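Everything below concerns the one structure shown next.
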Amino acid sequence: MLHRLAAVAGFAVMPCVCPAAGSVVLTTLDGSHRIEGELLSLDGGYYRLETETGGLTIDQGDVTCAGLGCPDPETLVARAVVGGPADMIHRLMPPLLESFAEREGLIYRHIFTSDTTVTWEMEDAGTGLLRALIEGQVEEAGDAVAKVVSRNATLSLGRVAGGLKVDQDVIALDALVPVVSVENPRAMITLEQFKGLLTGRLSNWAALDGPNLPVSLHVVEGRDVTRALARVFPGLRVRGVTLHSDAEAAAVAVEGDMAALGLIPLSRIGNTVPLVIGGACGLSTPATRVNVKAEDYPLTQPLFLHRNGARQPRIIRDFIAYARSHEAQSVIHAAGFIDQAIGQIDFDRQGDRLAYAVLTAGDDGDRMAEVQRMVAALMEGERLTMTFRFRDGSSDLDPQSASNVRRLSDAIGRGAFDGKELVLVGFTDGEGPDDGNLRLSKRRAEAVRRAISAFVGESKVALSADGFGEIMPMACDDTAWGRQVNRRVEVWVRDPQPHMDR
């Protein structure tokens with residue numbers, strides 16, 4: 001505790017609460033240390049006081065205050081403003097806050113005021129004193145992030161990365177999914193067909209060997225949808241669309257219309273039927289939880305928790321840490337979103353990708369030898385449901401992958417893989433010469449291995465890196481998205497090998 005009683009630099013999250021100056025005694029919660037001084041202010045959950053040895057800034061959550069200069073208990077209430085889309089404010093935040101309060105021994109209250117505003121309170125079960133007052137505001141994710149940047153809000157939630165001006169973590173996942181009515185016989189579309197349906201180039205289901213019905217397109221409005229589509233279809237302009245402010249309304253419109261095609265978050269598809277997205281080369285990627293967790297599905301949407309770099313009250317910091325933690329994943333799953341608990345995929349379930357690797361190798365002896373080397377390296381292992389990918393045109397990890405470094409490191413620290421070997425396995429797209437791609441895939445795998453090693457330090461888990469170039473793609477290379485998703489580093493867990501290639 002003593003190390004926390006030190007000067008802290010930073011800025012306030014909330015407006016300054018400045019009690020009259022006066023003498024106070026701050027005592028650590030375990031009673032082991034006391035500090036006397038003149039209280040200057042209570043700022044963002046921190047006491048600032050002048051002592052005989054100089055100025056100190058001390059976390060209010062670490063000490064109790066005694067003396068005439070102590071602030072009124074009401075001024076010690078941690079306050080925060082959280083903005084984001086309706087589903088994250090009304091469906092994700094409440095169970096996270098409730099489970100956090102239960103863990104902390106606090107009484108939780110949910111005060112619903114309107115479709116766009118809500119208040120959450122947390123009260124000390126012993127004293128009855130209010131500990132935290134959090135206001136939730138439904139708004140566009142971009143607007144919510146802007147408020148965090150300008151420090152008019154503490155946190156924001158959304159499906160759009162906040163850029164370099166905010167700290168952010170991926171706390172859950174979702175995906176945009178093309179859906180149809182149960183009466184529509186269509187089961188799969190290619191990315192090119194999907195693009196044609198979105199742009200109006202394919203305006204009748206008969207063009208896809210379906211019924212002679214004009215396509216009725218329903219999309220949930222929002223900049224996050226536009227950006228997600230732009231990642232897969234650069235420059236796309238959606239035409240002839242009915243926009244819905246609410247995903248449930250879009251799902252209801254689709255499920256009752258045989259001619260309808262919807263684009264709806266996976267967590268909100270209701271009674272509609274998701275279409276499998278395939279490619280001209282024969283590889284397909286259904287919107288399963290496993291594919292979304294591994295970021296293999298083309299319209300995966302990370303769900304971000306954004307925060308600014310300002311000082312925050314202790315209880316708010318603790319909630320942020322909880323929302324990012326392994327412990328919160330079961331709560332996220334129960335709320336209908338895709339959690340990030342690390343799962344494992346048997347080698348046998350790589351059948352389609354492995355068959356494609358064998359077929360494309362053909363009579364090429366060198367390529368077939370590399371396929372055999374890959375099978376020998378991975379067949380006794382399991383793939384983890386996390387993948388590392390890179391920003392476009394960069395060797396820097398993308399936001400979700402940067403978050404994955406911390407998640408995997410945390411799992412290693414918890415002992416989840418003690419006595420095992422984690423193999424970082426690199427792959428590339430099919431552009432460029434085979435030998436160059438092989439070297440590139442190994443370099444990227446080694447870069448991820450170094451990033452994780454730097455995070456975990458010494459551990460009981462062996463980390464190694466390998467690469468297999470372009471031989472086992474996730475998607476067809478005939479689209480920009482397909483090439484991007486093929487440039488990846490997978491994580492495989494296996495028993496330690498006697499001769500590891502470090």
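Letters A, B, ... go to the chains of the structure tokens in the order shown; residues in each chain start at 1; ligands are counted from 1 in the same order.
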key: Every residue of stretch 52-177 of chain A that DSSP places in helix (DSSP H, G or I), as a PyMOL selection string   = chain A and resi 60-62+73-76+86-104+141-149+163-165
Selection to disk with N, CA and C atoms, as an mmCIF file, in the first residue's frame:
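Writing done, so here's result13.cif:
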```
data_model
loop_
_atom_site.group_PDB
_atom_site.id
_atom_site.type_symbol
_atom_site.label_atom_id
_atom_site.label_comp_id
_atom_site.auth_asym_id
_atom_site.auth_seq_id
_atom_site.Cartn_x
_atom_site.Cartn_y
_atom_site.Cartn_z
ATOM 1 N N GLN A 60 -8.084 8.256 -3.466
ATOM 2 C CA GLN A 60 -9.095 8.284 -2.411
ATOM 3 C C GLN A 60 -9.542 6.882 -2.019
ATOM 4 N N GLY A 61 -9.470 5.925 -2.966
ATOM 5 C CA GLY A 61 -9.901 4.568 -2.670
ATOM 6 C C GLY A 61 -8.949 3.790 -1.795
ATOM 7 N N ASP A 62 -7.726 4.334 -1.571
ATOM 8 C CA ASP A 62 -6.730 3.617 -0.785
ATOM 9 C C ASP A 62 -6.703 4.031 0.682
ATOM 10 N N PRO A 73 -18.996 13.067 2.648
ATOM 11 C CA PRO A 73 -18.994 11.759 1.962
ATOM 12 C C PRO A 73 -19.634 11.779 0.576
ATOM 13 N N GLU A 74 -20.605 12.690 0.366
ATOM 14 C CA GLU A 74 -21.256 12.728 -0.943
ATOM 15 C C GLU A 74 -20.290 13.132 -2.048
ATOM 16 N N THR A 75 -19.247 13.898 -1.682
ATOM 17 C CA THR A 75 -18.288 14.309 -2.701
ATOM 18 C C THR A 75 -17.332 13.186 -3.072
ATOM 19 N N LEU A 76 -17.375 12.081 -2.322
ATOM 20 C CA LEU A 76 -16.495 10.954 -2.603
ATOM 21 C C LEU A 76 -17.118 9.951 -3.570
ATOM 22 N N ALA A 86 -27.059 1.562 -28.558
ATOM 23 C CA ALA A 86 -28.127 1.108 -27.654
ATOM 24 C C ALA A 86 -27.892 -0.307 -27.142
ATOM 25 N N ASP A 87 -27.462 -1.230 -28.016
ATOM 26 C CA ASP A 87 -27.324 -2.610 -27.554
ATOM 27 C C ASP A 87 -26.216 -2.747 -26.524
ATOM 28 N N MET A 88 -25.167 -1.946 -26.650
ATOM 29 C CA MET A 88 -24.074 -2.038 -25.693
ATOM 30 C C MET A 88 -24.406 -1.318 -24.380
ATOM 31 N N ILE A 89 -25.168 -0.236 -24.465
ATOM 32 C CA ILE A 89 -25.568 0.481 -23.249
ATOM 33 C C ILE A 89 -26.646 -0.294 -22.488
ATOM 34 N N HIS A 90 -27.619 -0.845 -23.214
ATOM 35 C CA HIS A 90 -28.760 -1.485 -22.543
ATOM 36 C C HIS A 90 -28.584 -2.990 -22.337
ATOM 37 N N ARG A 91 -27.718 -3.655 -23.129
ATOM 38 C CA ARG A 91 -27.602 -5.106 -23.017
ATOM 39 C C ARG A 91 -26.259 -5.579 -22.479
ATOM 40 N N LEU A 92 -25.190 -4.816 -22.724
ATOM 41 C CA LEU A 92 -23.867 -5.264 -22.304
ATOM 42 C C LEU A 92 -23.436 -4.635 -20.979
ATOM 43 N N MET A 93 -23.604 -3.327 -20.837
ATOM 44 C CA MET A 93 -23.161 -2.656 -19.613
ATOM 45 C C MET A 93 -23.879 -3.144 -18.353
ATOM 46 N N PRO A 94 -25.222 -3.298 -18.350
ATOM 47 C CA PRO A 94 -25.879 -3.686 -17.091
ATOM 48 C C PRO A 94 -25.366 -4.993 -16.485
ATOM 49 N N PRO A 95 -25.252 -6.089 -17.252
ATOM 50 C CA PRO A 95 -24.750 -7.310 -16.608
ATOM 51 C C PRO A 95 -23.288 -7.200 -16.185
ATOM 52 N N LEU A 96 -22.485 -6.446 -16.934
ATOM 53 C CA LEU A 96 -21.098 -6.255 -16.523
ATOM 54 C C LEU A 96 -21.018 -5.502 -15.205
ATOM 55 N N LEU A 97 -21.802 -4.419 -15.095
ATOM 56 C CA LEU A 97 -21.792 -3.639 -13.857
ATOM 57 C C LEU A 97 -22.369 -4.439 -12.692
ATOM 58 N N GLU A 98 -23.434 -5.188 -12.954
ATOM 59 C CA GLU A 98 -24.057 -5.959 -11.876
ATOM 60 C C GLU A 98 -23.105 -7.034 -11.357
ATOM 61 N N SER A 99 -22.431 -7.742 -12.263
ATOM 62 C CA SER A 99 -21.516 -8.798 -11.828
ATOM 63 C C SER A 99 -20.292 -8.196 -11.132
ATOM 64 N N PHE A 100 -19.835 -7.041 -11.607
ATOM 65 C CA PHE A 100 -18.725 -6.361 -10.937
ATOM 66 C C PHE A 100 -19.128 -5.954 -9.523
ATOM 67 N N ALA A 101 -20.328 -5.371 -9.376
ATOM 68 C CA ALA A 101 -20.790 -4.945 -8.054
ATOM 69 C C ALA A 101 -20.896 -6.137 -7.102
ATOM 70 N N GLU A 102 -21.401 -7.259 -7.608
ATOM 71 C CA GLU A 102 -21.518 -8.454 -6.772
ATOM 72 C C GLU A 102 -20.143 -8.924 -6.310
ATOM 73 N N ARG A 103 -19.176 -8.891 -7.210
ATOM 74 C CA ARG A 103 -17.824 -9.302 -6.848
ATOM 75 C C ARG A 103 -17.228 -8.393 -5.781
ATOM 76 N N GLU A 104 -17.555 -7.090 -5.843
ATOM 77 C CA GLU A 104 -17.003 -6.125 -4.905
ATOM 78 C C GLU A 104 -17.819 -6.003 -3.618
ATOM 79 N N ALA A 141 -21.420 5.613 -31.961
ATOM 80 C CA ALA A 141 -20.118 5.284 -31.377
ATOM 81 C C ALA A 141 -19.099 6.386 -31.635
ATOM 82 N N GLY A 142 -19.113 6.963 -32.832
ATOM 83 C CA GLY A 142 -18.160 8.031 -33.141
ATOM 84 C C GLY A 142 -18.356 9.247 -32.266
ATOM 85 N N ASP A 143 -19.607 9.604 -32.009
ATOM 86 C CA ASP A 143 -19.889 10.737 -31.130
ATOM 87 C C ASP A 143 -19.449 10.437 -29.705
ATOM 88 N N ALA A 144 -19.656 9.182 -29.264
ATOM 89 C CA ALA A 144 -19.268 8.803 -27.910
ATOM 90 C C ALA A 144 -17.754 8.878 -27.738
ATOM 91 N N VAL A 145 -17.000 8.417 -28.748
ATOM 92 C CA VAL A 145 -15.541 8.493 -28.675
ATOM 93 C C VAL A 145 -15.088 9.946 -28.630
ATOM 94 N N ALA A 146 -15.734 10.796 -29.431
ATOM 95 C CA ALA A 146 -15.361 12.214 -29.451
ATOM 96 C C ALA A 146 -15.523 12.844 -28.068
ATOM 97 N N LYS A 147 -16.552 12.438 -27.335
ATOM 98 C CA LYS A 147 -16.750 12.973 -25.984
ATOM 99 C C LYS A 147 -15.657 12.500 -25.034
ATOM 100 N N VAL A 148 -15.189 11.267 -25.233
ATOM 101 C CA VAL A 148 -14.088 10.772 -24.406
ATOM 102 C C VAL A 148 -12.821 11.563 -24.698
ATOM 103 N N VAL A 149 -12.554 11.813 -25.983
ATOM 104 C CA VAL A 149 -11.361 12.569 -26.375
ATOM 105 C C VAL A 149 -11.392 13.972 -25.769
ATOM 106 N N GLY A 163 -8.758 5.223 -32.510
ATOM 107 C CA GLY A 163 -7.553 5.892 -32.965
ATOM 108 C C GLY A 163 -6.548 6.087 -31.844
ATOM 109 N N LEU A 164 -5.584 6.973 -32.087
ATOM 110 C CA LEU A 164 -4.466 7.145 -31.175
ATOM 111 C C LEU A 164 -4.774 8.086 -30.016
ATOM 112 N N LYS A 165 -5.918 8.757 -30.047
ATOM 113 C CA LYS A 165 -6.217 9.764 -29.029
ATOM 114 C C LYS A 165 -6.860 9.173 -27.780
#
```
Cut-off 9 Å: closest stretch 232-341 of chain A/stretch 400-412 of chain A atom pairs per residue, using only C-alpha atoms, as JSON lines:
```
{"residue": "A:Glu295", "atom": "CA", "partner": "A:Gln400", "partner_atom": "CA", "distance": 8.9}
{"residue": "A:Pro302", "atom": "CA", "partner": "A:Gln400", "partner_atom": "CA", "distance": 6.7}
{"residue": "A:Phe304", "atom": "CA", "partner": "A:Gln400", "partner_atom": "CA", "distance": 8.9}
{"residue": "A:Arg324", "atom": "CA", "partner": "A:Arg407", "partner_atom": "CA", "distance": 8.7}
{"residue": "A:Ser325", "atom": "CA", "partner": "A:Arg407", "partner_atom": "CA", "distance": 8.2}
{"residue": "A:His326", "atom": "CA", "partner": "A:Arg407", "partner_atom": "CA", "distance": 8.0}
{"residue": "A:Gln340", "atom": "CA", "partner": "A:Arg407", "partner_atom": "CA", "distance": 8.6}
{"residue": "A:Ala341", "atom": "CA", "partner": "A:Arg407", "partner_atom": "CA", "distance": 8.9}
```
request  = Using only C-alpha atoms, determine which residues lie at most 8 Å from A:Gly467, disregarding the query and same-chain residues fewer than 2 positions distant; provide the list as a ChimeraX atom specification.
outcome  = /A:425-427,438-443,445,465,469
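The strand (DSSP E or B) portion of stretch 310-453 of chain A consists of Arg311, Ile338, Gln344, Ile345, Asp346, Glu382, Arg383, Leu384, Thr385, Met386, Thr387, Phe388, Phe390, Leu397, Glu421, Leu422, Val423, Leu424, Val425, Gly426 and Phe427 of chain A, with states taken from DSSP on the backbone.
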How would the residues just picked look written out with C-alpha atoms as a compact mmCIF listing (two decimals), in the first residue's frame?
```txt
# COMPACT_ATOMS: atom_id res chain seq x y z
CA ARG A 311 -7.09 10.05 -13.76
CA ILE A 338 -19.26 -13.22 -28.55
CA GLN A 344 -9.24 -24.58 -28.93
CA ILE A 345 -10.00 -26.02 -32.37
CA ASP A 346 -9.00 -29.61 -33.13
CA GLU A 382 -4.98 -27.51 -31.48
CA ARG A 383 -5.49 -24.03 -32.87
CA LEU A 384 -6.46 -21.32 -30.37
CA THR A 385 -9.41 -19.07 -31.19
CA MET A 386 -7.29 -15.97 -31.59
CA THR A 387 -5.38 -14.73 -34.59
CA PHE A 388 -2.86 -11.95 -35.03
CA PHE A 390 -1.67 -6.45 -39.11
CA LEU A 397 -0.65 -5.30 -35.22
CA GLU A 421 4.28 -25.24 -26.15
CA LEU A 422 2.59 -22.35 -27.96
CA VAL A 423 3.57 -22.17 -31.62
CA LEU A 424 3.07 -18.87 -33.46
CA VAL A 425 2.36 -19.94 -37.04
CA GLY A 426 2.60 -17.39 -39.84
CA PHE A 427 0.82 -17.42 -43.20
```
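Residue nearest A:Val166 within the list A:Met474, A:Leu42, A:Leu305, A:Leu197: A:Leu305 [criterion: smallest interatomic distance, only C-alpha atoms].
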key: d(atom CA of A:Ser156, atom CA of A:Val292) in Å   = 22.4 Å
message = Env of A:Thr242: 12 Å cut, atoms = only C-alpha atoms, seq-sep filter 6 positions within chain, self excluded. Answer as a ChimeraX atom specification.
response = /A:198,215-221,249-250,253-254,260-263
message = Could you list, as a ChimeraX atom specification, every residue within 10 Å of stretch 274-284 of chain A, counting only C-alpha atoms and ignoring same-chain residues fewer than 4 positions away?
response = /A:176-182,186-194,261-264,266,269,288,297-299,352-353,356,473-479,482
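For A:Gly430, the non-local neighbours within 8 Å, defined as residues at least 3 positions apart in the same chain or in other chains and counting only C-alpha atoms, are Asn437, Glu470, Asp477 and Arg483 of chain A.
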query = A:Gly413: which residues within 10 Å, counting only C-alpha atoms, same-chain residues fewer than 5 positions away excluded, as number ranges by chain?
reply = A: 407-408, 418, 455-461
